[in-house]
Each structure stands twice: as structure tokens, then as C-alpha cells.
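One structure is given here, and the rest of the page talks about it.
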Amino acid sequence: MPNIDSDFSRRLSAVESRIHTAATRSGRTRSAVTLVAVSKKFSGARIREAYQAGLRVFGENYVQEFSEKRPELADLEGAQFHLIGHLQSNKTRLACDLFQVIQTADSVKLLKRLDASAAERGQKTEVLLEIKLSDEDSKSGASEEELPQLLAAAKQCRSLNVTGLMTVPPWSEDAETSRPYFRRLAELARQFEGEHPLPKLSMGMSGDLEVAIEEGATMVRVGTALFGARPKPQAVEAPLAS
């Protein structure tokens with residue numbers, strides 16, 4: 001049997017209970033919500049521990065950081081890795097090599113670069129469109145007014161499968177402050193479902209996952225509630241050469 005840290009098992013059980021309760025309360029099943037374990041800043045060994053505990057979907061924020069961990073995780077059969085941090089357009093080739101899902105496409109330029117990179121590798125890459133619904137300068141994402149343009153561009157991408165939307169609301173200790181942002185993202189998905197189905201909604205984190213599930217999240221991105229406090233943040237990645 002794998003040796004799984006008891007603290008991690010306890011935290012995972014608590015998160016699973018929260019997801020199940022929120023899904024039930026909103027008339028949904030637990031299986032309708034994917035738990036994305038946010039493993040940024042944590043070692044490959046911690047990811048392996050989470051995998052042994054039963055988790056299969058992991059979210060990483062930085063292309064370069066994950067590229068260093070990825071080789072030691074090659075044997076994790078069935079594991080899926082999502083990029084959930086901002087993607088620079090000159091890192092699309094590496095991102096397509098490392099991640100099965102990229103949740104943060106936010107411009108026509110980036111979609112085209114991702115499409116070309118995926119085509120070079122003869123693969124189909126799943127993509128979500130990141131929508132910025134707040135006025136925070138620190139947040140990335142396209143505005144909701146740009147969504148029609150992004151969807152039009154997505155139709156021209158032969159090597160991308162654009163399956164949904166993602167957002168990050170302003171941080172608050174009160175989970176209810178996130179609700180309008182989650183509700184709006186779900187409204188946008190419904191608004192364009194006739195033109196381009198967007199069944200996946202990535203929204204909600206450790207502090208507000210219940211609210212996100214109540215508003216229709218199909219993915220919740222949970223880091224701290226699973227892994228505990230992260231190490232001190234590193235400096236922003238330097239751009240790679242094209």
C-alpha cells in the first residue's frame with residue numbers, strides 16, 4: 001500500500017466532503033465536478049503522494065516550473081495536467097508538450113499560437129478561455145466583450161478543442177463576494193451555447209468552491225485546502241526565446 005501522509009488524507013477527505021455537500025445542495029452529483037489539485041510550488045513527490053491518494057487532475061501555474069517536475073511524473077498513468085496560470089505566447093510549444101488542458105487562453109494571438117504548436121505535434125489540445133470579470137489589474141483574461149471574437153477565432157483552430165470558460169474573481173475572505181462573478185461566467189456560457197457549446201466552467205478555489213459549484217462549476221481549482229501553505233512565491237518567469 002502507498003505511504004500517504006495522514007494530514008493530506010484528512011485534508012483531501014474534507015475537500016471531498018465539501019464538494020459532495022455543495023453538489024448535493026445544488027441538485028448535482030459529485031461526479032459532475034472535477035477536483036483540480038493545484039500543485040504549483042510543490043515538489044513532484046507531493047504530486048505523487050496526491051496521485052497515490054486517488055487524485056488524477058493537477059493544475060500548475062508556471063510552464064518552466066512544471067517542465068522541471070514533469071520527467072519524474074512520467075509513470076503516473078492516467079494523470080492529467082492543466083495549465084491554470086497566465087501563458088506567454090512564446091511558451092506555447094512547451095505548454096503543448098507538458099499539458100493536456102490549457103485553461104488560460106485569453107487572446108486571438110494566443111489561440112493561433114497554441115493551434116500552430118499543437119498542429120506541429122500532431123495533437124489536439126483542449127483549451128478553456130479565461131475571462132476577466134473584475135477590474136483588478138493583477139488579473140489576466142479577456143474581457144467578456146472579447147468573447148465573441150475569441151469564439152470566432154476558435155472555430156478556425158483545427159488543433160484546438162475549446163470546451164469552456166475559466167475565471168478568477170477578486171480575493172475575499174467572504175466567499176459570497178465571488179458569487180456574482182461565477183454566475184456571470186455561467187451566463188456567458190449559456191449565452192453562446194448555440195454558437196459554440198462551452199460545457200466546462202473552471203471556477204472556484206479553496207475558499208469559495210461551494211459557491212462556485214452552486215453556480216455551475218464543473219471544475220474547482222483547490223491548492224491550499226489540499227496541500228497546505230505554499231512555499232514563498234518565486235519571481236515571475238523570465239520570457240523564453242521563441
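Starting from 1 in every chain, residues are counted up; chains themselves are A, B, ... following the order of the C-alpha cells, and ligands are numbered from 1 as listed.
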Could you find all residues in region 13-132 of chain A that DSSP calls strand (DSSP E) from the backbone, and write them as a short mmCIF file (atom, residue, chain, number, x, y, z; two decimals) with N, CA and C atoms, in the first residue's frame?
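Output saved as selection.cif:
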data_model
loop_
_atom_site.label_atom_id
_atom_site.label_comp_id
_atom_site.auth_asym_id
_atom_site.auth_seq_id
_atom_site.Cartn_x
_atom_site.Cartn_y
_atom_site.Cartn_z
N THR A 34 -15.09 18.21 -11.31
CA THR A 34 -13.72 17.71 -11.31
C THR A 34 -12.89 18.51 -10.31
N LEU A 35 -12.20 17.80 -9.44
CA LEU A 35 -11.29 18.44 -8.50
C LEU A 35 -9.91 18.56 -9.15
N VAL A 36 -9.50 19.80 -9.39
CA VAL A 36 -8.17 20.08 -9.94
C VAL A 36 -7.26 20.43 -8.76
N ALA A 37 -6.32 19.55 -8.46
CA ALA A 37 -5.40 19.77 -7.34
C ALA A 37 -4.30 20.73 -7.79
N VAL A 38 -4.28 21.92 -7.21
CA VAL A 38 -3.32 22.95 -7.63
C VAL A 38 -1.99 22.69 -6.93
N VAL A 57 -6.17 14.82 -11.51
CA VAL A 57 -6.09 16.06 -12.27
C VAL A 57 -5.35 17.10 -11.45
N PHE A 58 -4.31 17.69 -12.05
CA PHE A 58 -3.44 18.62 -11.34
C PHE A 58 -3.31 19.92 -12.12
N GLY A 59 -3.27 21.02 -11.38
CA GLY A 59 -3.14 22.33 -12.00
C GLY A 59 -1.82 22.98 -11.65
N GLU A 60 -1.15 23.51 -12.66
CA GLU A 60 0.14 24.17 -12.47
C GLU A 60 0.06 25.57 -13.07
N GLN A 80 -3.61 13.81 -15.39
CA GLN A 80 -3.83 14.88 -16.36
C GLN A 80 -3.36 16.19 -15.74
N PHE A 81 -2.65 16.97 -16.54
CA PHE A 81 -2.08 18.22 -16.04
C PHE A 81 -2.66 19.40 -16.81
N HIS A 82 -3.13 20.39 -16.06
CA HIS A 82 -3.75 21.58 -16.62
C HIS A 82 -2.86 22.79 -16.33
N LEU A 83 -2.71 23.65 -17.31
CA LEU A 83 -2.07 24.94 -17.07
C LEU A 83 -3.16 25.91 -16.64
N VAL A 101 -4.49 20.11 -20.91
CA VAL A 101 -5.51 21.15 -20.94
C VAL A 101 -4.86 22.48 -20.58
N ILE A 102 -5.18 23.51 -21.36
CA ILE A 102 -4.71 24.86 -21.07
C ILE A 102 -5.95 25.71 -20.78
N GLN A 103 -6.06 26.16 -19.54
CA GLN A 103 -7.28 26.84 -19.10
C GLN A 103 -7.23 28.35 -19.28
N THR A 104 -6.15 28.90 -19.79
CA THR A 104 -5.96 30.34 -19.70
C THR A 104 -5.72 31.03 -21.05
N ALA A 105 -6.32 30.54 -22.11
CA ALA A 105 -6.23 31.24 -23.39
C ALA A 105 -7.05 32.52 -23.30
N THR A 125 -5.29 19.77 -28.61
CA THR A 125 -5.14 20.29 -27.25
C THR A 125 -6.45 20.91 -26.78
N GLU A 126 -6.87 20.54 -25.59
CA GLU A 126 -8.08 21.11 -25.01
C GLU A 126 -7.76 22.47 -24.39
N VAL A 127 -8.65 23.43 -24.61
CA VAL A 127 -8.41 24.80 -24.17
C VAL A 127 -9.68 25.37 -23.54
N LEU A 128 -9.51 26.13 -22.47
CA LEU A 128 -10.57 26.95 -21.92
C LEU A 128 -10.19 28.41 -22.13
N LEU A 129 -11.18 29.26 -22.25
CA LEU A 129 -10.95 30.69 -22.43
C LEU A 129 -11.06 31.39 -21.08
N GLU A 130 -10.00 32.09 -20.69
CA GLU A 130 -10.03 32.80 -19.42
C GLU A 130 -10.68 34.17 -19.61
#
Residue neighbourhood Met219 (chain A), 9 Å, only C-alpha atoms, exclusion window fewer than 6 positions, as a PyMOL selection string: chain A and resi 32-36+200-204+212-213
Write down as a count of residues only the residues of region 81-217 of chain A whose backbone DSSP state falls under helix (DSSP H, G or I). 58
Excluding Ala119 (chain A) and residues on its chain fewer than 4 positions from it, collect all residues at most 9 Å away from it, counting only C-alpha atoms, and give them as a ChimeraX atom specification. /A:114-115,123-124,158-160
Name the residues in contact with Pro199 (chain A) at a cut-off of 12 Å, using only C-alpha atoms, excluding same-chain residues fewer than 4 positions from it; report them as a list in words. Ala32, Val33, Leu128, Leu129, Asn161, Val162, Thr163, Gly164, Leu165, Met166, Leu185, Ala186, Glu187, Leu188, Ala189, Arg190, Gln191, Phe192, Glu193, Gly194, Gly216, Ala217, Thr218 and Met219 of chain A
Taking N, CA and C atoms for each residue, export the selection above as a compact mmCIF listing (two decimals), in the first residue's frame.
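File produced: selection_14.txt:
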# COMPACT_ATOMS: atom_id res chain seq x y z
N ALA A 32 -20.14 15.32 -11.28
CA ALA A 32 -20.27 16.44 -12.22
C ALA A 32 -19.18 17.49 -12.00
N VAL A 33 -18.41 17.35 -10.92
CA VAL A 33 -17.40 18.34 -10.57
C VAL A 33 -16.03 17.69 -10.53
N LEU A 128 -9.51 26.13 -22.47
CA LEU A 128 -10.57 26.95 -21.92
C LEU A 128 -10.19 28.41 -22.13
N LEU A 129 -11.18 29.26 -22.25
CA LEU A 129 -10.95 30.69 -22.43
C LEU A 129 -11.06 31.39 -21.08
N ASN A 161 -9.41 22.24 -29.11
CA ASN A 161 -10.78 21.93 -28.75
C ASN A 161 -11.17 22.85 -27.60
N VAL A 162 -11.86 23.94 -27.90
CA VAL A 162 -12.24 24.92 -26.90
C VAL A 162 -13.53 24.45 -26.23
N THR A 163 -13.41 24.08 -24.96
CA THR A 163 -14.51 23.39 -24.28
C THR A 163 -15.20 24.18 -23.18
N GLY A 164 -14.68 25.36 -22.84
CA GLY A 164 -15.33 26.07 -21.75
C GLY A 164 -14.66 27.37 -21.38
N LEU A 165 -15.05 27.88 -20.21
CA LEU A 165 -14.58 29.18 -19.72
C LEU A 165 -13.96 29.02 -18.34
N MET A 166 -13.08 29.95 -18.02
CA MET A 166 -12.43 29.96 -16.71
C MET A 166 -12.38 31.40 -16.21
N LEU A 185 -20.13 34.15 -15.33
CA LEU A 185 -19.42 33.24 -16.23
C LEU A 185 -20.37 32.18 -16.76
N ALA A 186 -21.22 31.65 -15.89
CA ALA A 186 -22.19 30.66 -16.32
C ALA A 186 -23.19 31.25 -17.31
N GLU A 187 -23.57 32.51 -17.09
CA GLU A 187 -24.48 33.19 -18.02
C GLU A 187 -23.83 33.34 -19.40
N LEU A 188 -22.55 33.69 -19.42
CA LEU A 188 -21.85 33.84 -20.69
C LEU A 188 -21.80 32.51 -21.45
N ALA A 189 -21.54 31.42 -20.73
CA ALA A 189 -21.50 30.12 -21.39
C ALA A 189 -22.86 29.79 -22.01
N ARG A 190 -23.91 30.07 -21.27
CA ARG A 190 -25.26 29.81 -21.81
C ARG A 190 -25.58 30.73 -22.99
N GLN A 191 -25.12 31.95 -22.91
CA GLN A 191 -25.39 32.93 -23.97
C GLN A 191 -24.85 32.49 -25.32
N PHE A 192 -23.71 31.79 -25.30
CA PHE A 192 -23.06 31.41 -26.56
C PHE A 192 -23.19 29.93 -26.88
N GLU A 193 -24.03 29.20 -26.13
CA GLU A 193 -24.07 27.75 -26.33
C GLU A 193 -24.61 27.37 -27.71
N GLY A 194 -25.44 28.22 -28.31
CA GLY A 194 -25.91 27.92 -29.65
C GLY A 194 -24.84 28.09 -30.71
N GLY A 216 -22.64 26.45 -10.87
CA GLY A 216 -22.46 25.65 -12.07
C GLY A 216 -21.05 25.21 -12.40
N ALA A 217 -20.09 25.40 -11.51
CA ALA A 217 -18.71 24.99 -11.81
C ALA A 217 -18.65 23.50 -12.13
N THR A 218 -17.88 23.16 -13.15
CA THR A 218 -17.60 21.76 -13.44
C THR A 218 -16.16 21.40 -13.05
N MET A 219 -15.36 22.42 -12.75
CA MET A 219 -14.01 22.22 -12.23
C MET A 219 -13.78 23.21 -11.10
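With CA of Ser138 (chain A) on one side and CA of Phe99 (chain A) on the other, the separation reads 23.9 Å.
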Which residue out of A:Arg25, A:Asp75, A:Arg10, A:Ser67 has the minimum interatomic distance to Ala95 (chain A) when only C-alpha atoms are used? A:Ser67
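Of the listed residues A:Arg93, A:Lys40, A:Arg179, A:Lys132, the one whose atoms come nearest to Ala229 (chain A) is A:Lys40, with distances taken using only C-alpha atoms.
Nearest residue to Asp208 (chain A) among A:Leu76, A:Val222, A:Ala50, A:Ala175 is A:Ala175, counting only C-alpha atoms.
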May I ask for the distance between CA of Arg30 (chain A) and CA of Val220 (chain A), given in Å to one decimal place? 11.9 Å
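For the set A:Arg113, A:Lys69, A:Lys139, A:Arg184, the residue with the smallest atom-to-atom gap to Arg46 (chain A) is A:Lys69, counting only C-alpha atoms.
Closest to Arg121 (chain A) among A:Asp174, A:Gly78, A:Arg48, A:Leu98 is A:Leu98, based on only C-alpha atoms.
Remark: for Ala142 (chain A), the closest of the candidate residues A:Thr177, A:Ser117, A:Ser107, A:Ser17 is A:Ser107 (distances computed over only C-alpha atoms).
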